[in-house]
Protein chains: 2
Amino acid sequence: MIPLTGTALADALFKPRAIALVGISDDPAKTAARPLKFLRAAGFKGSLYNVNPSRALVQGERAYPSLAELPEKPDHAFILTNTGPAMAAVEDCGKLGIPLATVLAGGFSEQGHEGAEREAQLKALGKQYGVRLLGPSSIGLVHVPSHLILTANAAFAEPGLPAGGIFCASHSGSLIGALTSRGRARGIGFNGLVSVGGECDLSVGEICEATLDDPDVTGYLLFLETTRNSAALRRFALGAAARGKPVVAYKLGRSEAAAELAVSHTGALAGEDDVADTLLRDCGVARVETFEGLLEALPLLRRIPLRKPARKPTVGVVTTTGGGAAMAVDQLGVRGVEVVAPSAETLQKLAAAGIDASGGRIVDLTLAGTKYEVMKGTLDILMGAPEFDLILAAVGSSARYQPDLAVKPVIDSRDGGKPLACFVVPEAPEALRQLSAAGVPNFRTPEGCGDVIASALARRVPNPVIAPADSGSGGVRLLNEADAYSLFERVGIPHAPTAVLAVDAPVPELPFPYPVVAKVLHDRVAHKTDVGGVVLAIRNAEELAAAMAGIRTSVEAALPGITIDKVLVQAMTAAVGEVLVGLRRDAEVGPLVMLAAGGVLTEIYRDRSLRLAPITLDSAWDMIGEVKALQALAGYRGRPAGDLGAVAHTLVAVSQLALVDDVTILEAEINPLLVLPASQGVLAVDALVSLRDN
Amino acid sequence: MIPLTGTALADALFKPRAIALVGISDDPAKTAARPLKFLRAAGFKGSLYNVNPSRALVQGERAYPSLAELPEKPDHAFILTNTGPAMAAVEDCGKLGIPLATVLAGGFSEQGHEGAEREAQLKALGKQYGVRLLGPSSIGLVHVPSHLILTANAAFAEPGLPAGGIFCASHSGSLIGALTSRGRARGIGFNGLVSVGGECDLSVGEICEATLDDPDVTGYLLFLETTRNSAALRRFALGAAARGKPVVAYKLGRSEAAAELAVSHTGALAGEDDVADTLLRDCGVARVETFEGLLEALPLLRRIPLRKPARKPTVGVVTTTGGGAAMAVDQLGVRGVEVVAPSAETLQKLAAAGIDASGGRIVDLTLAGTKYEVMKGTLDILMGAPEFDLILAAVGSSARYQPDLAVKPVIDSRDGGKPLACFVVPEAPEALRQLSAAGVPNFRTPEGCGDVIASALARRVPNPVIAPADSGSGGVRLLNEADAYSLFERVGIPHAPTAVLAVDAPVPELPFPYPVVAKVLHDRVAHKTDVGGVVLAIRNAEELAAAMAGIRTSVEAALPGITIDKVLVQAMTAAVGEVLVGLRRDAEVGPLVMLAAGGVLTEIYRDRSLRLAPITLDSAWDMIGEVKALQALAGYRGRPAGDLGAVAHTLVAVSQLALVDDVTILEAEINPLLVLPASQGVLAVDALVSLRDN
């Protein structure tokens, strides 16, 4: 059977004509009894076939002893049995031509070596017969327009599931229930929810991609535990960006990142949380940090287009509660979003409307009184003021008692010239629901407010160039430093002047002045200093001859079996600072370019910036802005400034190494790249390159 | 009149016999009409006197033209008029012997120079007559047991204010309304709430202190915009700690801290957010970062005693939802709280009870099923397991539909051997209310959960020693480096061997070997390097003679009018690292001891630790653990370890400088303190000390 993809896959998942419930239980207390109950309660219109080898009736309905005996071929088999029988049921699906099976059972790769083998077998079964698999450990899926509550999640016993435009995919099955209940309280409804489980076949990315052209889906909400299958995720996200459908993600794993010491060496990037950050950002996905923000984000994302890196966006704040607004301003500030005061022109317009806002950063209406006309008049002026990219209204206790006073004017201003959001300071569920119903982004905590606004404003137009992945086969080969520089020259990465000298030959006249540094040159010596392979500050030819001889002796003693016949000699240059620049073809997310300051303090502070390669010059400047240590090279406190423009150009060049197509560069690290004074450029003075030996 | 303090003050504030409402309005739409409405609606039993010069009747009740004409002297006048008449009313209170006045009006120090003068006048009036003042800009106060809704905050129009044990003081008037409504939704009630406004007289600290012995008050909740009046705040907090009454604070101002570049020089500490952190922590106050955490914290604080610095506390997690629990674990992890797996012994007990928890860090009951007996049985085992300091139960969707399954066993386990808290993953307001009613700490977001648990576990026994404050009068005098070392010797701070030489005399034999450094020695030369006053790596007496002459020439040229006759010569010592250690008598919070790594990167990363001085050795180790850069001196990645024990002893010694009583040290900075290899000690090699010239 040809495996389902695209719209056909989406139809089988969300608009099936007929479903088989394999292992459905008659005992209403059992988890395996739920899907039938829920589907009947929801009024699912398709055919339902119960499969249970030990009962003729299940929950009062007819049951069949096996899939083979069903009167028609279902589109989808939801397999509710334990692990062993589930494997058999998948094989039955294959033999019978049932194109899609969802496996509820666990007992696969989360259970050690044996489980991993079982998962490989399951995967092979799916491949062999062309059955698409959801799970294992999938608690099922829900599609509201089809009345399809095909899940064993107890939360879906609650009737009256609200419909909406959000499509949710989650690695955690229990979370689709928690998100639904939290959404109900806020008037937020879903189009569909899928528990993707272990993703042995169908992934978050492929499932979401299959729904991209469904006009009922207006945005995506992802609860992620991992970024495996990132190629599919990226393809989906680019498609969503192209269609203007926003994507928000909450990803577990921040704490591992916080707990582990940062590792500046690009070789250790994989699986670290900032790699996930990079993947999501470079796909145009907004990553939120707060659970509540995950539910609150989409209305705002819908109103803020994906941006190119540019000047920092600014927020204007109007409020009926100074203290409440200050909390939101604080939360924006810690996330790097600036709240700015109205311009002189805007202040004048406000004054003409009777509002004195000359006091400070926010427009505080406390003195003017909480009245519809005051709030509406102020919003009319702020929404037209060019100094703001977004307006936030922070509404105080009146939101609970008299939403007409300060909440309604926010709703009535929603179609103004720019995004408008509302933070409701008291407990005011009805006001939040009114705002949601009107499509106005609304927040019940200052943290969610700061989180969502910051991540919405940080969203970037996705990087459309997808550089080739690593084949993963073949050995790994190191380049010596001279060959690495040759490779760098192809993309325009400058390095310090060098000469390759034979250790046995007399020292020639160098094409650059002394002092110089001499370094062992050999494909198999990566850590040159550790083996006595580097001599610094050589002042003349005699010292150089001695240094070369010394290097040979030291290295050959340290690494028996290696013969040293060449040395790389390099000009020594004074610099105002150093940075580490590198490229790594990450096994999970693809080629990454990195900027860091290098050194032990930078490792401790985990101070680095990553992007999917290749990058644009704009992105390179973005990266420079993200590495705190680079402030020290930007003229910090009167220190000499370095040539950051040359750093930016070098980052672009390094990222181009991802596209070199005659060799597959696994890793290229320049540590350090010397940063010379402003407008004097940069120079690589060490290089480590490894290639896939195809 | 003798100003009210202590219990008499608390009685006038919260249990007044008679109140005057000055400027009370007849127009129900006006803010100034609210207190009378609210007091009548709440059934306040004391006498109410309306004062309004232009009406004989207000809201149907008798009004008096002035305070002078009241039939009795009220305990408290709530002044609702504009700024000017409010000043006059305070003077009336003074003349009539009314001991307490609350001023609603603004127009004081928040309004520039003129406002500040007005506030000084107001303060002087209070002092002159002995009238205690609440405000200005106070929206009033509420005391539930007395039915005293003496406020113009519109939120208190809502009837049925729930009573509880929490006393709340807030710089923001509107927040007392928002906290009340948010508390209602969670079943959290208050004993009293005070809007302290501009604190021209009565401060957060003094008001709270006056209620310390009220048995109805079981904990304190502070919403702070500033830490001014910190002496009173500290006195209150020490009293609360002594009585076992927990205090939680939310303080605005994180973002200024985040936005500003850190300043490592101790002279610029004042007003920075980590100074507020330090004050609160050293008073035993838990500072939370989330607004929701502010309301959620007290039940947990009540169950976690104040701790001495010791090993990191550990948390055990049990859950019915893997994804939900993982969010909480993540939020604990980013705040440095470790979730640990059950011990082998505990796993065995769980296995005997039919629970397989061998999988990982958390006890996930998903497979065992969401049942009362399963959760209760697991909690019984975990609550008795010595490897955990606290147990967190994360409950999934059943909390919404069947709280009896997994929420009730948490409630029934609340009196076990250790603190127990509950994170409720779905929307489940009734479960949260049941948990609150039973006194079980409960959280509705993973962020609030991580925030409160982390800040509860971080609470420390307050530092009971209050070092003298700076008198603030007299000039400031610098010590030269030699005199600074003499002062350091009194408290046992080691410094590198030094000799003071006369510039004119021949170089004597030094009591320590070459190489040495020579530094200009003069009370008025603080920045020695800037004026050519330092020569490094001097190898013999000839070079030293030349260096001394050179220093004299350079410094006298750079600083005309200064005569240099002495030089400090110091042994040069190899070290594995350097730190900055300092003491500063902060004008707001008192003497602070600081540890930082010094240097531009440390400034950029804002990497430092502060404590109120003096400190104990335990606190010194705490500080060392808080400065990330010091990992590089703790044997990080095979680097040589420094003598951190000697750093700890030196921190204690530096903090003792706060207690030296024959001089008032304003600032003492050792930058750098050389850290020698393990067990070889530390050495101060530069010192800057300034004294108050009394």
# chains A, B, ... in the order shown; residues from 1 in each chain; ligands from 1

call {"tool": "interface_residues", "arguments": {"of": "chain B", "to": "chain A", "cutoff": "6 Å", "atoms": "only C-alpha atoms", "output": "VMD selection string"}}
result
chain B and resid 155 172 174 178 181 to 182 255 258 321 323 330 333 to 334 397 426 to 427

call {"tool": "write_last_selection", "arguments": {"atoms": "C-alpha atoms", "output": "JSON list (two decimals), in the first residue's frame"}}
result
[["chain", "number", "residue", "atom", "x", "y", "z"],
["B", 155, "ALA", "CA", -12.78, 46.95, 44.16],
["B", 172, "SER", "CA", 0.37, 50.51, 45.13],
["B", 174, "SER", "CA", -4.85, 49.65, 43.20],
["B", 178, "ALA", "CA", -6.47, 43.14, 42.52],
["B", 181, "SER", "CA", -10.20, 39.63, 43.83],
["B", 182, "ARG", "CA", -7.50, 37.14, 42.87],
["B", 255, "SER", "CA", 13.92, 45.34, 34.73],
["B", 258, "ALA", "CA", 18.33, 43.87, 33.80],
["B", 321, "THR", "CA", 0.73, 13.54, 34.31],
["B", 323, "GLY", "CA", 4.16, 16.26, 30.85],
["B", 330, "ASP", "CA", 11.90, 22.42, 34.52],
["B", 333, "GLY", "CA", 15.60, 23.44, 37.68],
["B", 334, "VAL", "CA", 16.03, 26.86, 36.11],
["B", 397, "SER", "CA", -6.94, 16.34, 34.43],
["B", 426, "PRO", "CA", -5.62, 21.57, 34.22],
["B", 427, "GLU", "CA", -8.08, 24.39, 34.88]]

call {"tool": "residues_around", "arguments": {"residues": "region 371-373 of chain A", "least_positions_apart": "5", "cutoff": "9 Å", "atoms": "only C-alpha atoms", "output": "CSV table (one decimal) with all heavy atoms, in the first residue's frame"}}
result
chain,number,residue,atom,x,y,z
A,378,THR,N,-7.8,58.0,24.6
A,378,THR,CA,-6.3,57.8,24.7
A,378,THR,C,-5.9,56.8,23.7
A,378,THR,O,-4.8,56.9,23.0
A,378,THR,CB,-6.0,57.4,26.2
A,378,THR,OG1,-6.5,58.3,27.1
A,378,THR,CG2,-4.5,57.2,26.3
A,404,ASP,N,-17.3,47.6,30.9
A,404,ASP,CA,-17.6,48.6,30.0
A,404,ASP,C,-16.7,49.9,30.1
A,404,ASP,O,-16.5,50.6,29.1
A,404,ASP,CB,-19.1,49.1,30.1
A,404,ASP,CG,-20.0,48.1,29.6
A,404,ASP,OD1,-19.6,47.1,29.0
A,404,ASP,OD2,-21.3,48.3,29.7
A,405,LEU,N,-16.2,50.1,31.3
A,405,LEU,CA,-15.4,51.3,31.5
A,405,LEU,C,-14.0,51.3,30.8
A,405,LEU,O,-13.7,52.3,30.1
A,405,LEU,CB,-15.2,51.6,33.0
A,405,LEU,CG,-16.4,51.8,33.8
A,405,LEU,CD1,-16.1,52.1,35.3
A,405,LEU,CD2,-17.3,52.9,33.2
A,406,ALA,N,-13.3,50.3,30.9
A,406,ALA,CA,-11.9,50.3,30.4
A,406,ALA,C,-11.6,49.1,29.5
A,406,ALA,O,-10.6,49.1,28.8
A,406,ALA,CB,-10.9,50.4,31.5
A,407,VAL,N,-12.4,48.0,29.6
A,407,VAL,CA,-12.1,46.8,28.7
A,407,VAL,C,-12.8,47.0,27.4
A,407,VAL,O,-12.2,46.8,26.3
A,407,VAL,CB,-12.6,45.5,29.4
A,407,VAL,CG1,-12.5,44.4,28.4
A,407,VAL,CG2,-11.8,45.3,30.7
A,408,LYS,N,-14.1,47.5,27.4
A,408,LYS,CA,-14.8,47.7,26.1
A,408,LYS,C,-14.1,48.7,25.2
A,408,LYS,O,-13.9,48.4,24.0
A,408,LYS,CB,-16.2,48.2,26.4
A,408,LYS,CG,-17.1,48.2,25.1
A,408,LYS,CD,-18.6,48.2,25.5
A,408,LYS,CE,-19.4,48.1,24.2
A,408,LYS,NZ,-19.1,49.1,23.2
A,409,PRO,N,-13.5,49.8,25.7
A,409,PRO,CA,-12.8,50.7,24.7
A,409,PRO,C,-11.6,49.9,24.1
A,409,PRO,O,-11.2,50.2,23.0
A,409,PRO,CB,-12.3,51.8,25.6
A,409,PRO,CG,-12.6,51.5,27.0
A,409,PRO,CD,-13.7,50.4,27.0

call {"tool": "atom_distance", "arguments": {"atom1": "CA of Leu559 (chain B)", "atom2": "CA of His527 (chain B)"}}
result
11.4 Å

call {"tool": "residues_around", "arguments": {"residues": "Pro677 (chain A)", "least_positions_apart": "2", "cutoff": "7 Å", "atoms": "only C-alpha atoms", "output": "PyMOL selection string"}}
result
chain A and resi 575-576+641-643+675+679-680

call {"tool": "residues_around", "arguments": {"residues": "region 187-203 of chain A", "least_positions_apart": "5", "cutoff": "6 Å", "atoms": "only C-alpha atoms", "output": "number ranges by chain"}}
result
A: 133-144, 162-171, 173, 433

call {"tool": "write_last_selection", "arguments": {"atoms": "N, CA, C and O atoms", "output": "mmCIF file, in the first residue's frame"}}
result
data_model
loop_
_atom_site.group_PDB
_atom_site.id
_atom_site.type_symbol
_atom_site.label_atom_id
_atom_site.label_comp_id
_atom_site.auth_asym_id
_atom_site.auth_seq_id
_atom_site.Cartn_x
_atom_site.Cartn_y
_atom_site.Cartn_z
ATOM 1 N N LEU A 133 1.826 5.260 11.139
ATOM 2 C CA LEU A 133 1.645 4.994 12.565
ATOM 3 C C LEU A 133 1.659 6.290 13.379
ATOM 4 O O LEU A 133 2.544 7.130 13.203
ATOM 5 N N LEU A 134 0.680 6.416 14.267
ATOM 6 C CA LEU A 134 0.681 7.510 15.245
ATOM 7 C C LEU A 134 1.001 6.877 16.591
ATOM 8 O O LEU A 134 0.344 5.920 17.005
ATOM 9 N N GLY A 135 2.035 7.378 17.268
ATOM 10 C CA GLY A 135 2.475 6.794 18.529
ATOM 11 C C GLY A 135 3.825 6.135 18.350
ATOM 12 O O GLY A 135 4.560 6.513 17.434
ATOM 13 N N PRO A 136 4.207 5.158 19.187
ATOM 14 C CA PRO A 136 3.430 4.621 20.302
ATOM 15 C C PRO A 136 3.274 5.642 21.437
ATOM 16 O O PRO A 136 3.787 6.752 21.321
ATOM 17 N N SER A 137 2.545 5.243 22.459
ATOM 18 C CA SER A 137 2.242 6.124 23.586
ATOM 19 C C SER A 137 1.452 7.345 23.148
ATOM 20 O O SER A 137 1.605 8.418 23.721
ATOM 21 N N SER A 138 0.610 7.168 22.115
ATOM 22 C CA SER A 138 -0.284 8.268 21.744
ATOM 23 C C SER A 138 -1.634 8.046 22.418
ATOM 24 O O SER A 138 -2.204 6.968 22.321
ATOM 25 N N ILE A 139 -2.126 9.079 23.098
ATOM 26 C CA ILE A 139 -3.427 8.941 23.758
ATOM 27 C C ILE A 139 -4.566 9.261 22.792
ATOM 28 O O ILE A 139 -5.733 9.276 23.159
ATOM 29 N N GLY A 140 -4.191 9.486 21.495
ATOM 30 C CA GLY A 140 -5.212 9.688 20.480
ATOM 31 C C GLY A 140 -5.313 11.119 20.012
ATOM 32 O O GLY A 140 -4.394 11.922 20.231
ATOM 33 N N LEU A 141 -6.410 11.420 19.348
ATOM 34 C CA LEU A 141 -6.558 12.751 18.760
ATOM 35 C C LEU A 141 -8.012 13.188 18.795
ATOM 36 O O LEU A 141 -8.931 12.386 18.999
ATOM 37 N N VAL A 142 -8.193 14.481 18.569
ATOM 38 C CA VAL A 142 -9.511 15.102 18.624
ATOM 39 C C VAL A 142 -9.628 16.036 17.424
ATOM 40 O O VAL A 142 -8.661 16.729 17.091
ATOM 41 N N HIS A 143 -10.796 15.999 16.745
ATOM 42 C CA HIS A 143 -11.044 16.982 15.692
ATOM 43 C C HIS A 143 -12.468 17.492 15.887
ATOM 44 O O HIS A 143 -13.442 16.770 15.677
ATOM 45 N N VAL A 144 -12.577 18.715 16.323
ATOM 46 C CA VAL A 144 -13.876 19.229 16.771
ATOM 47 C C VAL A 144 -14.894 19.310 15.634
ATOM 48 O O VAL A 144 -16.031 18.853 15.798
ATOM 49 N N PRO A 162 -15.487 23.425 23.134
ATOM 50 C CA PRO A 162 -15.619 24.617 22.286
ATOM 51 C C PRO A 162 -14.774 24.505 21.018
ATOM 52 O O PRO A 162 -13.643 24.015 21.063
ATOM 53 N N ALA A 163 -15.318 24.945 19.910
ATOM 54 C CA ALA A 163 -14.583 24.905 18.643
ATOM 55 C C ALA A 163 -13.793 26.190 18.472
ATOM 56 O O ALA A 163 -14.152 27.240 18.999
ATOM 57 N N GLY A 164 -12.713 26.077 17.742
ATOM 58 C CA GLY A 164 -11.891 27.258 17.472
ATOM 59 C C GLY A 164 -10.963 26.969 16.319
ATOM 60 O O GLY A 164 -11.083 25.941 15.652
ATOM 61 N N GLY A 165 -10.009 27.863 16.089
ATOM 62 C CA GLY A 165 -9.136 27.710 14.934
ATOM 63 C C GLY A 165 -7.769 27.140 15.260
ATOM 64 O O GLY A 165 -6.924 27.012 14.377
ATOM 65 N N ILE A 166 -7.524 26.785 16.528
ATOM 66 C CA ILE A 166 -6.177 26.362 16.921
ATOM 67 C C ILE A 166 -5.983 24.867 16.702
ATOM 68 O O ILE A 166 -6.813 24.054 17.126
ATOM 69 N N PHE A 167 -4.893 24.518 16.059
ATOM 70 C CA PHE A 167 -4.521 23.119 15.933
ATOM 71 C C PHE A 167 -3.340 22.866 16.871
ATOM 72 O O PHE A 167 -2.341 23.582 16.834
ATOM 73 N N CYS A 168 -3.494 21.859 17.728
ATOM 74 C CA CYS A 168 -2.489 21.592 18.762
ATOM 75 C C CYS A 168 -1.850 20.228 18.562
ATOM 76 O O CYS A 168 -2.553 19.227 18.390
ATOM 77 N N ALA A 169 -0.506 20.188 18.570
ATOM 78 C CA ALA A 169 0.212 18.907 18.569
ATOM 79 C C ALA A 169 1.087 18.867 19.808
ATOM 80 O O ALA A 169 1.733 19.861 20.146
ATOM 81 N N SER A 170 1.061 17.709 20.489
ATOM 82 C CA SER A 170 1.755 17.619 21.772
ATOM 83 C C SER A 170 2.487 16.298 21.913
ATOM 84 O O SER A 170 1.940 15.242 21.586
ATOM 85 N N HIS A 171 3.713 16.356 22.408
ATOM 86 C CA HIS A 171 4.402 15.117 22.747
ATOM 87 C C HIS A 171 3.761 14.471 23.971
ATOM 88 O O HIS A 171 3.801 13.263 24.129
ATOM 89 N N GLY A 173 0.578 13.335 26.090
ATOM 90 C CA GLY A 173 -0.840 13.058 25.889
ATOM 91 C C GLY A 173 -1.721 13.723 26.927
ATOM 92 O O GLY A 173 -2.814 14.195 26.622
ATOM 93 N N ARG A 433 -12.748 36.661 28.808
ATOM 94 C CA ARG A 433 -13.535 35.977 27.779
ATOM 95 C C ARG A 433 -14.032 36.951 26.720
ATOM 96 O O ARG A 433 -14.033 36.650 25.529
#

call {"tool": "residues_around", "arguments": {"residues": "Leu390 (chain B)", "least_positions_apart": "5", "cutoff": "8 Å", "atoms": "only C-alpha atoms", "output": "ChimeraX atom specification"}}
result
/B:314-316,418-421

call {"tool": "atom_distance", "arguments": {"atom1": "CA of Arg692 (chain B)", "atom2": "CA of Ile665 (chain B)"}}
result
6.4 Å

call {"tool": "residues_around", "arguments": {"residues": "Arg34 (chain A)", "least_positions_apart": "4", "cutoff": "12 Å", "atoms": "only C-alpha atoms", "output": "compact mmCIF listing (two decimals) with N, CA and C atoms, in the first residue's frame"}}
result
# COMPACT_ATOMS: atom_id res chain seq x y z
N LEU A 21 -11.91 0.34 16.66
CA LEU A 21 -11.39 0.52 18.02
C LEU A 21 -10.92 -0.85 18.49
N GLY A 23 -9.39 -3.55 20.77
CA GLY A 23 -9.18 -3.76 22.20
C GLY A 23 -10.08 -2.88 23.04
N ILE A 24 -11.17 -2.38 22.46
CA ILE A 24 -12.10 -1.52 23.20
C ILE A 24 -12.70 -2.32 24.35
N SER A 25 -12.81 -1.69 25.51
CA SER A 25 -13.23 -2.40 26.71
C SER A 25 -14.71 -2.16 27.01
N ASP A 26 -15.31 -3.15 27.62
CA ASP A 26 -16.71 -3.03 28.04
C ASP A 26 -16.82 -2.40 29.42
N ASP A 27 -15.72 -2.42 30.16
CA ASP A 27 -15.74 -1.92 31.55
C ASP A 27 -15.57 -0.40 31.56
N PRO A 28 -16.62 0.33 31.91
CA PRO A 28 -16.56 1.80 31.76
C PRO A 28 -15.47 2.44 32.63
N ALA A 29 -14.95 1.72 33.64
CA ALA A 29 -13.91 2.30 34.49
C ALA A 29 -12.55 2.23 33.82
N LYS A 30 -12.44 1.46 32.74
CA LYS A 30 -11.13 1.25 32.12
C LYS A 30 -10.81 2.35 31.10
N PHE A 38 -16.70 8.42 24.32
CA PHE A 38 -16.51 9.82 23.92
C PHE A 38 -17.04 10.07 22.50
N LEU A 39 -16.77 9.10 21.60
CA LEU A 39 -17.21 9.28 20.21
C LEU A 39 -18.73 9.31 20.14
N ARG A 40 -19.38 8.41 20.92
CA ARG A 40 -20.85 8.39 20.92
C ARG A 40 -21.40 9.67 21.53
N ALA A 41 -20.79 10.10 22.65
CA ALA A 41 -21.29 11.31 23.31
C ALA A 41 -21.13 12.52 22.40
N ALA A 42 -20.07 12.53 21.60
CA ALA A 42 -19.82 13.69 20.74
C ALA A 42 -20.65 13.65 19.46
N VAL A 58 -19.86 -4.80 23.27
CA VAL A 58 -19.04 -3.91 24.08
C VAL A 58 -19.84 -2.63 24.30
N GLN A 59 -20.05 -2.29 25.55
CA GLN A 59 -20.85 -1.08 25.88
C GLN A 59 -22.19 -1.10 25.13
N PHE A 78 -7.60 2.50 15.94
CA PHE A 78 -7.06 3.01 17.21
C PHE A 78 -6.85 1.78 18.08
N LEU A 80 -5.94 -0.09 21.31
CA LEU A 80 -5.98 0.24 22.74
C LEU A 80 -5.39 -0.87 23.60
N ILE A 139 -2.13 9.08 23.10
CA ILE A 139 -3.43 8.94 23.76
C ILE A 139 -4.57 9.26 22.79
N GLY A 140 -4.19 9.49 21.49
CA GLY A 140 -5.21 9.69 20.48
C GLY A 140 -5.31 11.12 20.01
N ILE A 149 -13.82 12.53 18.81
CA ILE A 149 -13.10 12.55 20.11
C ILE A 149 -12.46 11.17 20.24
N LEU A 150 -11.46 10.94 19.43
CA LEU A 150 -10.84 9.61 19.32
C LEU A 150 -9.65 9.53 20.27
N THR A 151 -9.96 9.52 21.58
CA THR A 151 -8.89 9.57 22.56
C THR A 151 -9.28 8.85 23.84
N ALA A 152 -8.27 8.40 24.56
CA ALA A 152 -8.49 7.79 25.87
C ALA A 152 -8.19 8.77 26.99
N ASN A 153 -8.00 10.04 26.66
CA ASN A 153 -7.73 11.05 27.68
C ASN A 153 -9.02 11.40 28.41
N ALA A 154 -9.05 11.15 29.73
CA ALA A 154 -10.26 11.31 30.54
C ALA A 154 -10.84 12.72 30.48
N ALA A 155 -10.00 13.69 30.19
CA ALA A 155 -10.48 15.07 30.18
C ALA A 155 -11.58 15.29 29.15
N PHE A 156 -11.62 14.43 28.12
CA PHE A 156 -12.59 14.65 27.05
C PHE A 156 -13.95 14.05 27.36
N ALA A 157 -14.13 13.59 28.62
CA ALA A 157 -15.47 13.20 29.07
C ALA A 157 -16.35 14.43 29.23
N GLU A 158 -15.73 15.58 29.41
CA GLU A 158 -16.52 16.80 29.63
C GLU A 158 -17.20 17.21 28.32

call {"tool": "residues_around", "arguments": {"residues": "Val660 (chain A)", "least_positions_apart": "3", "cutoff": "10 Å", "atoms": "only C-alpha atoms", "output": "list of chain:residue names"}}
result
A:Ala467, A:Pro468, A:Leu487, A:Arg490, A:Val491, A:Ser655, A:Gln656, A:Leu657, A:Val663, A:Thr664, A:Ile665

call {"tool": "select_by_dssp", "arguments": {"residues": "region 187-433 of chain B", "states": "helix (DSSP H, G or I)", "output": "NGL selection string"}}
result
:B and (204-210 or 230-242 or 254-259 or 266-268 or 273-282 or 291-296 or 298-303 or 322-334 or 344-352 or 372-383 or 398-401 or 403-406 or 408-412 or 429-433)
